[in-house]
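*Asks:* What follows is the file run05.cif, containing mmCIF, C-alpha atoms (C1' of nucleotides):
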```
data_final
#
loop_
_atom_site.label_atom_id
_atom_site.label_comp_id
_atom_site.auth_asym_id
_atom_site.auth_seq_id
_atom_site.Cartn_x
_atom_site.Cartn_y
_atom_site.Cartn_z
CA MET A 1 11.51 -23.52 -2.46
CA MET A 2 12.21 -25.58 0.61
CA ASN A 3 11.02 -22.90 2.90
CA GLN A 4 8.32 -24.78 4.65
CA GLY A 5 9.61 -24.63 8.12
CA LEU A 6 10.94 -21.14 7.65
CA GLY A 7 7.68 -19.91 8.98
CA ARG A 8 8.53 -21.48 12.29
CA LEU A 9 11.91 -19.80 12.65
CA GLU A 10 12.57 -16.50 14.33
CA PRO A 11 12.81 -13.54 11.97
CA ARG A 12 16.57 -13.43 12.45
CA GLU A 13 17.00 -17.00 11.27
CA GLN A 14 14.50 -16.56 8.48
CA LEU A 15 16.55 -13.72 7.06
CA ARG A 16 19.77 -15.68 7.33
CA ALA A 17 18.15 -18.68 5.71
CA VAL A 18 17.40 -16.72 2.57
CA GLY A 19 20.68 -14.81 2.51
CA LEU A 20 19.40 -11.40 3.54
CA ARG A 21 21.25 -9.26 6.03
CA VAL A 22 19.79 -8.99 9.47
CA THR A 23 18.80 -5.39 10.13
CA ALA A 24 16.60 -3.68 12.65
CA PRO A 25 13.94 -2.58 10.13
CA ARG A 26 13.69 -6.10 8.75
CA LEU A 27 13.34 -7.70 12.13
CA ALA A 28 10.74 -5.17 13.16
CA VAL A 29 8.69 -5.61 9.99
CA LEU A 30 8.71 -9.39 10.18
CA ASP A 31 7.93 -9.33 13.83
CA TRP A 32 5.08 -6.88 13.46
CA LEU A 33 3.56 -8.88 10.63
CA THR A 34 3.43 -12.07 12.63
CA THR A 35 0.92 -10.42 14.90
CA HIS A 36 -0.76 -8.22 12.27
CA PRO A 37 -1.35 -10.20 9.10
CA HIS A 38 -2.77 -8.44 6.02
CA ALA A 39 -1.37 -5.07 7.06
CA THR A 40 -0.63 -2.38 4.47
CA ALA A 41 2.79 -0.75 4.05
CA ASP A 42 1.40 2.24 5.84
CA GLN A 43 0.16 0.29 8.82
CA ILE A 44 3.40 -1.64 8.97
CA ALA A 45 5.38 1.59 8.96
CA ALA A 46 3.29 2.94 11.81
CA GLY A 47 3.69 -0.25 13.79
CA VAL A 48 7.40 -0.49 13.21
CA ARG A 49 7.92 3.11 14.23
CA GLU A 50 6.43 2.44 17.60
CA ARG A 51 9.36 0.31 18.54
CA LEU A 52 12.18 1.70 16.42
CA ASP A 53 11.59 5.36 16.01
CA SER A 54 12.71 6.76 12.72
CA VAL A 55 12.50 4.29 9.90
CA SER A 56 12.16 5.77 6.46
CA THR A 57 9.19 4.95 4.35
CA GLN A 58 11.52 3.77 1.67
CA ALA A 59 13.10 1.30 4.08
CA ILE A 60 9.68 -0.19 4.74
CA TYR A 61 9.11 -0.69 1.04
CA ASP A 62 12.59 -2.08 0.54
CA VAL A 63 12.10 -4.56 3.35
CA LEU A 64 8.72 -5.61 2.05
CA ASN A 65 9.99 -6.04 -1.46
CA ALA A 66 13.11 -7.92 -0.47
CA CYS A 67 11.22 -10.25 1.83
CA THR A 68 8.49 -10.81 -0.71
CA LYS A 69 11.03 -11.68 -3.36
CA ALA A 70 12.73 -14.05 -0.93
CA LYS A 71 9.36 -15.57 -0.10
CA LEU A 72 9.45 -14.67 3.55
CA LEU A 73 6.37 -12.58 2.89
CA ARG A 74 3.51 -12.77 0.51
CA ARG A 75 1.86 -9.73 -1.03
CA ILE A 76 -1.80 -9.61 -1.82
CA GLU A 77 -3.46 -6.79 -3.67
CA PRO A 78 -7.23 -6.80 -3.49
CA ALA A 79 -8.76 -4.64 -6.22
CA GLY A 80 -9.03 -1.05 -5.11
CA HIS A 81 -6.83 -1.45 -2.04
CA PRO A 82 -3.17 -0.86 -1.32
CA ALA A 83 -1.06 -4.00 -1.10
CA ARG A 84 -1.25 -6.10 2.03
CA PHE A 85 1.40 -8.43 3.40
CA GLU A 86 1.39 -11.63 5.36
CA THR A 87 3.91 -14.10 6.72
CA ARG A 88 1.96 -17.16 5.72
CA THR A 89 3.79 -18.16 2.58
CA ALA A 90 4.23 -21.91 2.66
CA ASP A 91 0.79 -22.76 1.32
CA ASN A 92 -1.43 -21.42 -1.38
CA HIS A 93 -4.30 -20.12 0.64
CA HIS A 94 -6.86 -17.51 -0.37
CA HIS A 95 -8.62 -14.50 1.06
CA LEU A 96 -11.94 -13.22 2.20
CA VAL A 97 -12.28 -9.44 1.97
CA CYS A 98 -15.06 -7.30 3.41
CA ARG A 99 -16.35 -4.82 0.84
CA ARG A 100 -17.30 -2.35 3.52
CA CYS A 101 -14.54 -2.33 6.13
CA ASP A 102 -11.71 -4.08 4.23
CA ARG A 103 -11.27 -6.69 6.90
CA THR A 104 -9.24 -9.49 5.35
CA GLU A 105 -9.05 -13.08 6.49
CA ASP A 106 -7.38 -16.23 5.28
CA VAL A 107 -9.27 -19.17 3.90
CA ASP A 108 -7.62 -22.43 3.13
CA CYS A 109 -7.03 -23.37 -0.43
CA VAL A 110 -10.13 -24.86 -1.94
CA VAL A 111 -8.24 -27.86 -3.16
CA GLY A 112 -4.98 -27.83 -1.31
CA PHE A 113 -2.01 -27.12 -3.54
CA ALA A 114 -1.08 -24.61 -6.24
CA PRO A 115 -2.47 -23.91 -8.69
CA CYS A 116 -5.29 -25.38 -6.67
CA LEU A 117 -7.84 -24.89 -9.42
CA GLU A 118 -7.62 -25.56 -13.09
CA PRO A 119 -9.18 -23.10 -15.46
CA SER A 120 -11.87 -24.73 -17.56
CA SER A 121 -9.81 -23.93 -20.61
CA ALA A 122 -6.30 -22.55 -20.27
CA LEU A 123 -5.94 -21.42 -23.90
CA GLY A 124 -2.40 -22.71 -23.90
CA PHE A 125 -1.31 -20.70 -20.87
CA VAL A 126 1.09 -22.35 -18.44
CA VAL A 127 -0.72 -21.62 -15.20
CA ASP A 128 1.22 -21.60 -11.95
CA GLU A 129 -1.17 -19.99 -9.54
CA ALA A 130 -4.87 -19.55 -9.02
CA GLU A 131 -5.48 -16.49 -6.94
CA VAL A 132 -8.89 -16.37 -5.32
CA VAL A 133 -10.53 -13.50 -3.50
CA PHE A 134 -13.91 -13.98 -1.93
CA TRP A 135 -15.72 -10.66 -1.70
CA GLY A 136 -18.55 -9.99 0.69
CA LEU A 137 -19.42 -8.54 4.06
CA CYS A 138 -17.81 -9.49 7.31
CA PRO A 139 -20.11 -10.50 10.15
CA ALA A 140 -19.94 -7.05 11.77
CA CYS A 141 -20.76 -5.16 8.57
CA ALA A 142 -23.46 -7.62 7.56
CA ALA A 143 -25.09 -7.16 10.95
CA ASN A 144 -25.02 -3.40 10.76
CA PRO A 145 -26.69 -2.35 7.52
CA SER A 146 -27.30 1.18 8.70
CA ALA A 147 -23.75 2.48 8.55
CA ARG A 148 -22.87 4.18 5.34
CA GLN A 149 -21.49 1.82 2.77
CA ASN A 150 -19.56 2.27 -0.43
CA GLU A 151 -20.91 2.53 -3.95
CA GLU A 152 -20.61 -1.07 -5.01
CA THR A 153 -23.93 -2.78 -5.26
CA TYR A 154 -24.13 -6.47 -4.55
CA THR A 155 -27.20 -7.92 -6.07
CA MET B 156 -23.26 -15.01 -27.42
CA MET B 157 -21.65 -12.92 -24.78
CA ASN B 158 -24.22 -11.86 -22.30
CA GLN B 159 -27.89 -12.18 -22.35
CA GLY B 160 -29.89 -8.98 -22.53
CA LEU B 161 -27.99 -5.73 -22.62
CA GLY B 162 -24.92 -7.26 -24.12
CA ARG B 163 -26.69 -7.83 -27.37
CA LEU B 164 -27.85 -4.27 -27.79
CA GLU B 165 -25.99 -1.52 -29.51
CA PRO B 166 -24.12 0.85 -27.20
CA ARG B 167 -26.75 3.51 -27.76
CA GLU B 168 -29.52 1.25 -26.53
CA GLN B 169 -27.44 -0.09 -23.70
CA LEU B 170 -26.97 3.43 -22.38
CA ARG B 171 -30.66 4.23 -22.68
CA ALA B 172 -31.56 0.99 -20.97
CA VAL B 173 -29.67 1.96 -17.85
CA GLY B 174 -30.73 5.61 -17.91
CA LEU B 175 -27.44 7.15 -18.97
CA ARG B 176 -27.30 9.91 -21.54
CA VAL B 177 -26.02 9.00 -24.95
CA THR B 178 -22.83 10.92 -25.62
CA ALA B 179 -20.05 10.57 -28.12
CA PRO B 180 -17.39 9.60 -25.57
CA ARG B 181 -19.65 6.91 -24.14
CA LEU B 182 -20.51 5.45 -27.49
CA ALA B 183 -16.88 5.44 -28.50
CA VAL B 184 -15.69 3.77 -25.30
CA LEU B 185 -18.34 1.06 -25.41
CA ASP B 186 -17.80 0.48 -29.07
CA TRP B 187 -14.07 0.27 -28.75
CA LEU B 188 -14.26 -2.13 -25.82
CA THR B 189 -16.38 -4.59 -27.72
CA THR B 190 -13.42 -5.19 -29.99
CA HIS B 191 -10.68 -4.70 -27.39
CA PRO B 192 -11.61 -6.44 -24.19
CA HIS B 193 -9.37 -6.09 -21.11
CA ALA B 194 -8.05 -2.71 -22.19
CA THR B 195 -6.73 -0.19 -19.67
CA ALA B 196 -8.09 3.34 -19.31
CA ASP B 197 -5.02 4.53 -21.12
CA GLN B 198 -5.45 2.21 -24.06
CA ILE B 199 -9.12 3.03 -24.24
CA ALA B 200 -8.33 6.74 -24.30
CA ALA B 201 -5.89 6.22 -27.14
CA GLY B 202 -8.38 4.13 -29.10
CA VAL B 203 -11.23 6.53 -28.56
CA ARG B 204 -9.16 9.51 -29.61
CA GLU B 205 -8.52 7.98 -32.98
CA ARG B 206 -12.11 8.41 -33.94
CA LEU B 207 -13.16 11.37 -31.84
CA ASP B 208 -10.24 13.62 -31.48
CA SER B 209 -10.06 15.49 -28.24
CA VAL B 210 -11.60 13.58 -25.38
CA SER B 211 -10.35 14.49 -21.95
CA THR B 212 -8.78 11.88 -19.77
CA GLN B 213 -11.29 12.71 -17.12
CA ALA B 214 -14.13 11.98 -19.52
CA ILE B 215 -12.67 8.53 -20.11
CA TYR B 216 -12.62 7.85 -16.39
CA ASP B 217 -16.11 9.24 -15.95
CA VAL B 218 -17.45 7.05 -18.71
CA LEU B 219 -15.71 3.98 -17.33
CA ASN B 220 -16.96 4.63 -13.82
CA ALA B 221 -20.51 5.41 -14.86
CA CYS B 222 -20.73 2.35 -17.08
CA THR B 223 -19.15 0.12 -14.48
CA LYS B 224 -21.59 1.31 -11.86
CA ALA B 225 -24.46 0.72 -14.29
CA LYS B 226 -23.06 -2.73 -15.04
CA LEU B 227 -22.50 -2.10 -18.71
CA LEU B 228 -18.84 -2.71 -18.04
CA ARG B 229 -16.90 -4.77 -15.61
CA ARG B 230 -13.61 -3.68 -14.10
CA ILE B 231 -10.85 -6.10 -13.25
CA GLU B 232 -7.70 -5.17 -11.46
CA PRO B 233 -4.99 -7.80 -11.61
CA ALA B 234 -2.37 -7.25 -8.90
CA GLY B 235 0.31 -4.86 -10.07
CA HIS B 236 -1.58 -3.68 -13.13
CA PRO B 237 -3.83 -0.74 -13.88
CA ALA B 238 -7.53 -1.56 -14.08
CA ARG B 239 -8.85 -3.25 -17.17
CA PHE B 240 -12.37 -3.14 -18.54
CA GLU B 241 -14.58 -5.49 -20.45
CA THR B 242 -18.11 -5.59 -21.79
CA ARG B 243 -18.82 -9.13 -20.72
CA THR B 244 -20.78 -8.51 -17.56
CA ALA B 245 -23.67 -10.92 -17.48
CA ASP B 246 -21.78 -13.91 -16.18
CA ASN B 247 -19.22 -14.42 -13.48
CA HIS B 248 -16.27 -15.51 -15.53
CA HIS B 249 -12.63 -15.36 -14.55
CA HIS B 250 -9.29 -14.40 -16.03
CA LEU B 251 -6.01 -15.77 -17.15
CA VAL B 252 -3.17 -13.26 -17.00
CA CYS B 253 0.30 -13.64 -18.46
CA ARG B 254 2.96 -12.69 -15.93
CA ARG B 255 5.31 -11.57 -18.67
CA CYS B 256 3.30 -9.70 -21.28
CA ASP B 257 0.08 -9.01 -19.37
CA ARG B 258 -2.05 -10.65 -22.00
CA THR B 259 -5.44 -11.27 -20.39
CA GLU B 260 -8.06 -13.76 -21.49
CA ASP B 261 -11.41 -14.88 -20.23
CA VAL B 262 -12.06 -18.29 -18.77
CA ASP B 263 -15.47 -19.53 -17.96
CA CYS B 264 -16.50 -19.74 -14.39
CA VAL B 265 -15.20 -22.89 -12.79
CA VAL B 266 -18.59 -23.79 -11.50
CA GLY B 267 -20.99 -21.63 -13.37
CA PHE B 268 -22.68 -19.07 -11.18
CA ALA B 269 -21.67 -16.52 -8.58
CA PRO B 270 -20.15 -16.89 -6.13
CA CYS B 271 -19.05 -19.93 -8.11
CA LEU B 272 -16.86 -21.27 -5.34
CA GLU B 273 -17.50 -21.53 -1.68
CA PRO B 274 -14.67 -20.75 0.67
CA SER B 275 -13.82 -23.74 2.79
CA SER B 276 -14.75 -21.68 5.82
CA ALA B 277 -16.36 -18.28 5.42
CA LEU B 278 -15.84 -17.15 9.02
CA GLY B 279 -19.29 -15.67 9.01
CA PHE B 280 -18.74 -13.51 5.94
CA VAL B 281 -21.62 -13.10 3.53
CA VAL B 282 -19.82 -13.87 0.30
CA ASP B 283 -21.26 -12.60 -2.97
CA GLU B 284 -18.41 -13.10 -5.40
CA ALA B 285 -15.42 -15.33 -5.88
CA GLU B 286 -12.88 -13.55 -8.02
CA VAL B 287 -10.33 -15.84 -9.59
CA VAL B 288 -7.18 -14.90 -11.45
CA PHE B 289 -5.06 -17.61 -13.02
CA TRP B 290 -1.47 -16.44 -13.29
CA GLY B 291 1.02 -17.94 -15.68
CA LEU B 292 2.61 -17.53 -19.07
CA CYS B 293 0.76 -17.19 -22.32
CA PRO B 294 1.71 -19.55 -25.13
CA ALA B 295 3.94 -16.98 -26.81
CA CYS B 296 5.86 -16.11 -23.66
CA ALA B 297 6.13 -19.71 -22.57
CA ALA B 298 7.60 -20.60 -25.95
CA ASN B 299 10.02 -17.71 -26.01
CA PRO B 300 11.54 -17.33 -22.57
CA SER B 301 14.11 -14.74 -23.53
CA ALA B 302 12.44 -12.08 -25.65
CA ARG B 303 10.07 -9.64 -24.17
CA GLN B 304 6.63 -10.03 -25.65
CA ASN B 305 4.24 -7.20 -26.07
CA GLU B 306 0.55 -7.12 -25.91
CA GLU B 307 -1.80 -7.23 -28.84
CA THR B 308 -1.57 -3.95 -30.68
CA TYR B 309 -4.33 -1.50 -30.07
CA THR B 310 -4.78 0.50 -33.21
"C1'" DC C 311 -36.83 26.05 -28.66
"C1'" DC C 312 -35.81 26.11 -23.48
"C1'" DG C 313 -34.52 24.94 -19.16
"C1'" DT C 314 -32.73 21.53 -16.25
"C1'" DT C 315 -29.25 18.69 -15.14
"C1'" DA C 316 -25.98 15.28 -16.54
"C1'" DT C 317 -21.67 15.21 -18.63
"C1'" DC C 318 -17.23 17.06 -20.29
"C1'" DT C 319 -13.04 20.22 -19.92
"C1'" DT C 320 -9.13 21.89 -17.58
"C1'" DG C 321 -6.06 21.65 -14.17
"C1'" DA C 322 -4.77 20.86 -9.52
"C1'" DC C 323 -4.22 17.21 -6.40
"C1'" DT C 324 -3.95 12.56 -3.77
"C1'" DC C 325 -2.14 8.14 -2.84
"C1'" DA C 326 0.80 4.25 -3.18
"C1'" DT C 327 4.93 3.30 -4.75
"C1'" DT C 328 9.48 3.79 -7.05
"C1'" DC C 329 13.85 6.09 -8.37
"C1'" DC C 330 18.02 8.38 -7.08
"C1'" DA C 331 22.45 9.57 -4.74
"C1'" DG C 332 24.83 9.57 -0.87
"C1'" DA C 333 25.47 7.94 4.08
"C1'" DA C 334 25.41 4.13 7.19
"C1'" DA C 335 25.50 -0.46 8.55
"C1'" DA C 336 26.23 -5.59 7.89
"C1'" DC C 337 29.28 -9.16 7.15
"C1'" DC C 338 33.42 -11.40 4.98
"C1'" DT C 339 38.41 -11.48 5.50
"C1'" DG C 340 42.64 -11.33 7.54
"C1'" DC D 341 38.51 -6.46 15.70
"C1'" DA D 342 40.07 -3.21 11.63
"C1'" DG D 343 39.35 -2.87 6.53
"C1'" DG D 344 36.99 -3.31 2.55
"C1'" DT D 345 32.81 -4.65 0.01
"C1'" DT D 346 28.37 -4.67 -0.71
"C1'" DT D 347 23.91 -4.31 0.95
"C1'" DT D 348 20.64 -1.49 3.04
"C1'" DC D 349 18.84 2.87 4.75
"C1'" DT D 350 17.93 8.02 4.42
"C1'" DG D 351 15.84 12.01 2.37
"C1'" DG D 352 13.89 13.93 -1.28
"C1'" DA D 353 12.18 14.10 -5.88
"C1'" DA D 354 9.39 11.78 -9.21
"C1'" DT D 355 5.95 8.61 -11.30
"C1'" DG D 356 1.48 6.45 -12.61
"C1'" DA D 357 -3.17 5.78 -11.91
"C1'" DG D 358 -6.89 7.86 -10.63
"C1'" DT D 359 -9.88 11.53 -8.19
"C1'" DC D 360 -11.69 16.22 -6.99
"C1'" DA D 361 -13.50 20.72 -8.14
"C1'" DA D 362 -15.47 24.60 -10.79
"C1'" DG D 363 -17.16 26.18 -14.67
"C1'" DA D 364 -18.58 25.35 -19.69
"C1'" DT D 365 -21.32 22.45 -22.72
"C1'" DA D 366 -24.58 19.41 -24.48
"C1'" DA D 367 -28.73 15.81 -23.80
"C1'" DC D 368 -33.21 15.28 -23.52
"C1'" DG D 369 -38.01 15.98 -21.54
"C1'" DG D 370 -41.39 19.38 -22.03
#
```
Can you dump the structure from the file as structure tokens?
*Replies:*
Amino acid sequence: MMNQGLGRLEPREQLRAVGLRVTAPRLAVLDWLTTHPHATADQIAAGVRERLDSVSTQAIYDVLNACTKAKLLRRIEPAGHPARFETRTADNHHHLVCRRCDRTEDVDCVVGFAPCLEPSSALGFVVDEAEVVFWGLCPACAANPSARQNEETYT
Amino acid sequence: MMNQGLGRLEPREQLRAVGLRVTAPRLAVLDWLTTHPHATADQIAAGVRERLDSVSTQAIYDVLNACTKAKLLRRIEPAGHPARFETRTADNHHHLVCRRCDRTEDVDCVVGFAPCLEPSSALGFVVDEAEVVFWGLCPACAANPSARQNEETYT
DNA sequence: CCGTTATCTTGACTCATTCCAGAAAACCTG
DNA sequence: CAGGTTTTCTGGAATGAGTCAAGATAACGG
């Protein structure tokens, strides 16, 4: 809540704004993610270690979990892939994922605000979010049908 | 009334129709899933073992993978949960998942045919599926915010 | 009934992630 | 800016879901 605007702050102020302590691993993770959206914990760890050598894997997960809970980060989990994280949290946007190379891109919410879509029949559920993943092939993979692709068949 | 074609056949005929051998584990998995949609591999194994004692865990996974590849089953993987399977494969419907008790229900496709939604901007991706998960609370959990609900019993 | 080949069994193994206990660092307080 | 709390980080073990591999078994076409 009331964190639109947080996205514009520096990592240090973002952390303060949500009551989290300012630590080197946290700053490095947030900073790395601003330039590498949709990175996995693994990729984030590798990136962070380039500038801060020696950060435990557990610290990476702790940072990601704390920031996700505080809504400084958003976690997405496309089926069959490890979780990915992004700093764009103020809106309810969706994702486009390449079935072949896993490239992931943002797409704006189809309607504009959560839950953004209404199920045709909610069966009494109180729905608060419509999560949408568009699956397909990115331009590069679509243009290069020769390279070996995974098992999934797309009619 | 579920899916045209294969969905109406008995498991035995479904397997033959897609060129898979008819085996006891396969029949039991398909049969059990018709009455327990959205079950996890674990739940399916438990259910199958009630009528066929001694089926290896690996066999369960093999059956699920073979049938999913052959499109007799569909796999869904809500973020943070193990994969779930269902026999309704002919249409592109979506799901409603309870954040508290994991209860999962089908909802018809918002538009009616795959990909069912168009991203506002596909960035050149060739999209073949729009996967939608509606997150919220099921009626029971919404009505009872304190107690921890459990899922339908698989016996 | 036989042979071929798909499928199942057993058991080790991977990967992503979490749990744990203790050490270190942040930040409130004086 | 020292002291005390409390949060966070480290290192290592552990978990859950699922896969891999090698050999045994069973389907099914002939």
*Asks:* Can you list every residue of segment 163-231 of chain B that has an atom at most 10 Å from segment 319-327 of chain C, with its nearest atom pair and the distance in Å to one decimal, using all atoms listed in the file, ordered by chain then number, as a tab-separated table?
*Replies:*
```
residue	atom	partner	partner_atom	distance
B:Val210	CA	C:DT319	C1'	8.7
B:Ser211	CA	C:DT319	C1'	6.6
B:Thr212	CA	C:DT319	C1'	9.4
B:Gln213	CA	C:DT319	C1'	8.2
B:Ala214	CA	C:DT319	C1'	8.3
```
*Asks:* So, counting only C-alpha atoms (C1' of nucleotides), which residue among B:Leu185, B:Val177, B:Ala172, B:Leu164 is closest to DA367 of chain D?
*Replies:*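 Checking each candidate against DA367 of chain D, we get B:Val177 as the closest.
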*Asks:* Tell me which of A:Ala46, A:Leu20, A:Leu117, A:Val97 sits closest to chain C, counting only C-alpha atoms (C1' of nucleotides).
*Replies:*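 The closest residue to chain C is A:Leu20.
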*Asks:* Selected by the PyMOL selection byres ((chain A) within 7 of (chain B)) in the shown coordinates: which residues, as a PyMOL selection string?
*Replies:* chain A and resi 77+79+107-108+110+119-121+124-139+154
*Asks:* Once chain A is best-fit onto chain B by all Cα atoms in order, what RMSD in Å is left?
*Replies:*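 For chain B versus chain A, the C-alpha RMSD is 5.3 Å.
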*Asks:* Please return, as a ChimeraX atom specification, all residues of chain D lying within 9 Å of chain B when only C-alpha atoms (C1' of nucleotides) are considered.
*Replies:* /D:357-358,366-368
*Asks:* Mind dumping the selected residues with C-alpha atoms (C1' of nucleotides) as a PDB file, in the frame of the given file?
*Replies:*
```pdb
ATOM      1  C1'  DA D 357      -3.170   5.780 -11.910  1.00  0.00           C
ATOM      2  C1'  DG D 358      -6.890   7.860 -10.630  1.00  0.00           C
ATOM      3  C1'  DA D 366     -24.580  19.410 -24.480  1.00  0.00           C
ATOM      4  C1'  DA D 367     -28.730  15.810 -23.800  1.00  0.00           C
ATOM      5  C1'  DC D 368     -33.210  15.280 -23.520  1.00  0.00           C
TER       6       DC D 368
END
```
*Asks:* Determine, counting only C-alpha atoms (C1' of nucleotides), which protein, DNA and RNA residues have an atom within 10 Å of an atom of DG352 of chain D; residues of the same chain fewer than 2 positions away are not included. Present the result as a PDB file with C-alpha atoms (C1' of nucleotides), in the frame of the given file.
*Replies:*
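part-v8.pdb, freshly written:
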```
ATOM      1  C1'  DC C 330      18.020   8.380  -7.080  1.00  0.00           C
TER       2       DC C 330
ATOM      3  C1'  DT D 350      17.930   8.020   4.420  1.00  0.00           C
ATOM      4  C1'  DA D 354       9.390  11.780  -9.210  1.00  0.00           C
TER       5       DA D 354
END
```
*Asks:* Rebuild segment 272-287 of chain B to N, CA and C atoms - output it as a PDB file, in the coordinates of the input, please.
*Replies:*
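Okay, rebuild.pdb is ready:
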```pdb
ATOM      1  N   LEU B 272     -17.655 -20.407  -6.212  1.00  0.00           N
ATOM      2  CA  LEU B 272     -16.860 -21.270  -5.340  1.00  0.00           C
ATOM      3  C   LEU B 272     -17.285 -20.902  -3.937  1.00  0.00           C
ATOM      4  N   GLU B 273     -17.244 -21.840  -3.073  1.00  0.00           N
ATOM      5  CA  GLU B 273     -17.500 -21.530  -1.680  1.00  0.00           C
ATOM      6  C   GLU B 273     -16.171 -21.603  -0.949  1.00  0.00           C
ATOM      7  N   PRO B 274     -15.884 -20.626  -0.129  1.00  0.00           N
ATOM      8  CA  PRO B 274     -14.670 -20.750   0.670  1.00  0.00           C
ATOM      9  C   PRO B 274     -14.835 -21.955   1.589  1.00  0.00           C
ATOM     10  N   SER B 275     -13.720 -22.552   1.942  1.00  0.00           N
ATOM     11  CA  SER B 275     -13.820 -23.740   2.790  1.00  0.00           C
ATOM     12  C   SER B 275     -14.402 -23.375   4.147  1.00  0.00           C
ATOM     13  N   SER B 276     -14.135 -22.150   4.581  1.00  0.00           N
ATOM     14  CA  SER B 276     -14.750 -21.680   5.820  1.00  0.00           C
ATOM     15  C   SER B 276     -14.905 -20.184   5.705  1.00  0.00           C
ATOM     16  N   ALA B 277     -16.134 -19.698   5.715  1.00  0.00           N
ATOM     17  CA  ALA B 277     -16.360 -18.280   5.420  1.00  0.00           C
ATOM     18  C   ALA B 277     -16.263 -17.384   6.643  1.00  0.00           C
ATOM     19  N   LEU B 278     -16.017 -17.948   7.811  1.00  0.00           N
ATOM     20  CA  LEU B 278     -15.840 -17.150   9.020  1.00  0.00           C
ATOM     21  C   LEU B 278     -16.988 -16.188   9.249  1.00  0.00           C
ATOM     22  N   GLY B 279     -18.145 -16.539   8.801  1.00  0.00           N
ATOM     23  CA  GLY B 279     -19.290 -15.670   9.010  1.00  0.00           C
ATOM     24  C   GLY B 279     -19.485 -14.595   7.962  1.00  0.00           C
ATOM     25  N   PHE B 280     -18.584 -14.506   6.999  1.00  0.00           N
ATOM     26  CA  PHE B 280     -18.740 -13.510   5.940  1.00  0.00           C
ATOM     27  C   PHE B 280     -19.921 -13.895   5.056  1.00  0.00           C
ATOM     28  N   VAL B 281     -20.589 -12.876   4.531  1.00  0.00           N
ATOM     29  CA  VAL B 281     -21.620 -13.100   3.530  1.00  0.00           C
ATOM     30  C   VAL B 281     -20.954 -12.878   2.183  1.00  0.00           C
ATOM     31  N   VAL B 282     -20.615 -13.958   1.526  1.00  0.00           N
ATOM     32  CA  VAL B 282     -19.820 -13.870   0.300  1.00  0.00           C
ATOM     33  C   VAL B 282     -20.728 -13.713  -0.909  1.00  0.00           C
ATOM     34  N   ASP B 283     -20.436 -12.744  -1.772  1.00  0.00           N
ATOM     35  CA  ASP B 283     -21.260 -12.600  -2.970  1.00  0.00           C
ATOM     36  C   ASP B 283     -20.488 -12.820  -4.263  1.00  0.00           C
ATOM     37  N   GLU B 284     -19.174 -12.895  -4.165  1.00  0.00           N
ATOM     38  CA  GLU B 284     -18.410 -13.100  -5.400  1.00  0.00           C
ATOM     39  C   GLU B 284     -17.097 -13.804  -5.094  1.00  0.00           C
ATOM     40  N   ALA B 285     -16.736 -14.704  -5.963  1.00  0.00           N
ATOM     41  CA  ALA B 285     -15.420 -15.330  -5.880  1.00  0.00           C
ATOM     42  C   ALA B 285     -14.666 -14.875  -7.120  1.00  0.00           C
ATOM     43  N   GLU B 286     -13.651 -14.091  -6.902  1.00  0.00           N
ATOM     44  CA  GLU B 286     -12.880 -13.550  -8.020  1.00  0.00           C
ATOM     45  C   GLU B 286     -11.647 -14.436  -8.190  1.00  0.00           C
ATOM     46  N   VAL B 287     -11.451 -14.930  -9.374  1.00  0.00           N
ATOM     47  CA  VAL B 287     -10.330 -15.840  -9.590  1.00  0.00           C
ATOM     48  C   VAL B 287      -9.428 -15.311 -10.698  1.00  0.00           C
TER      49      VAL B 287
END
```
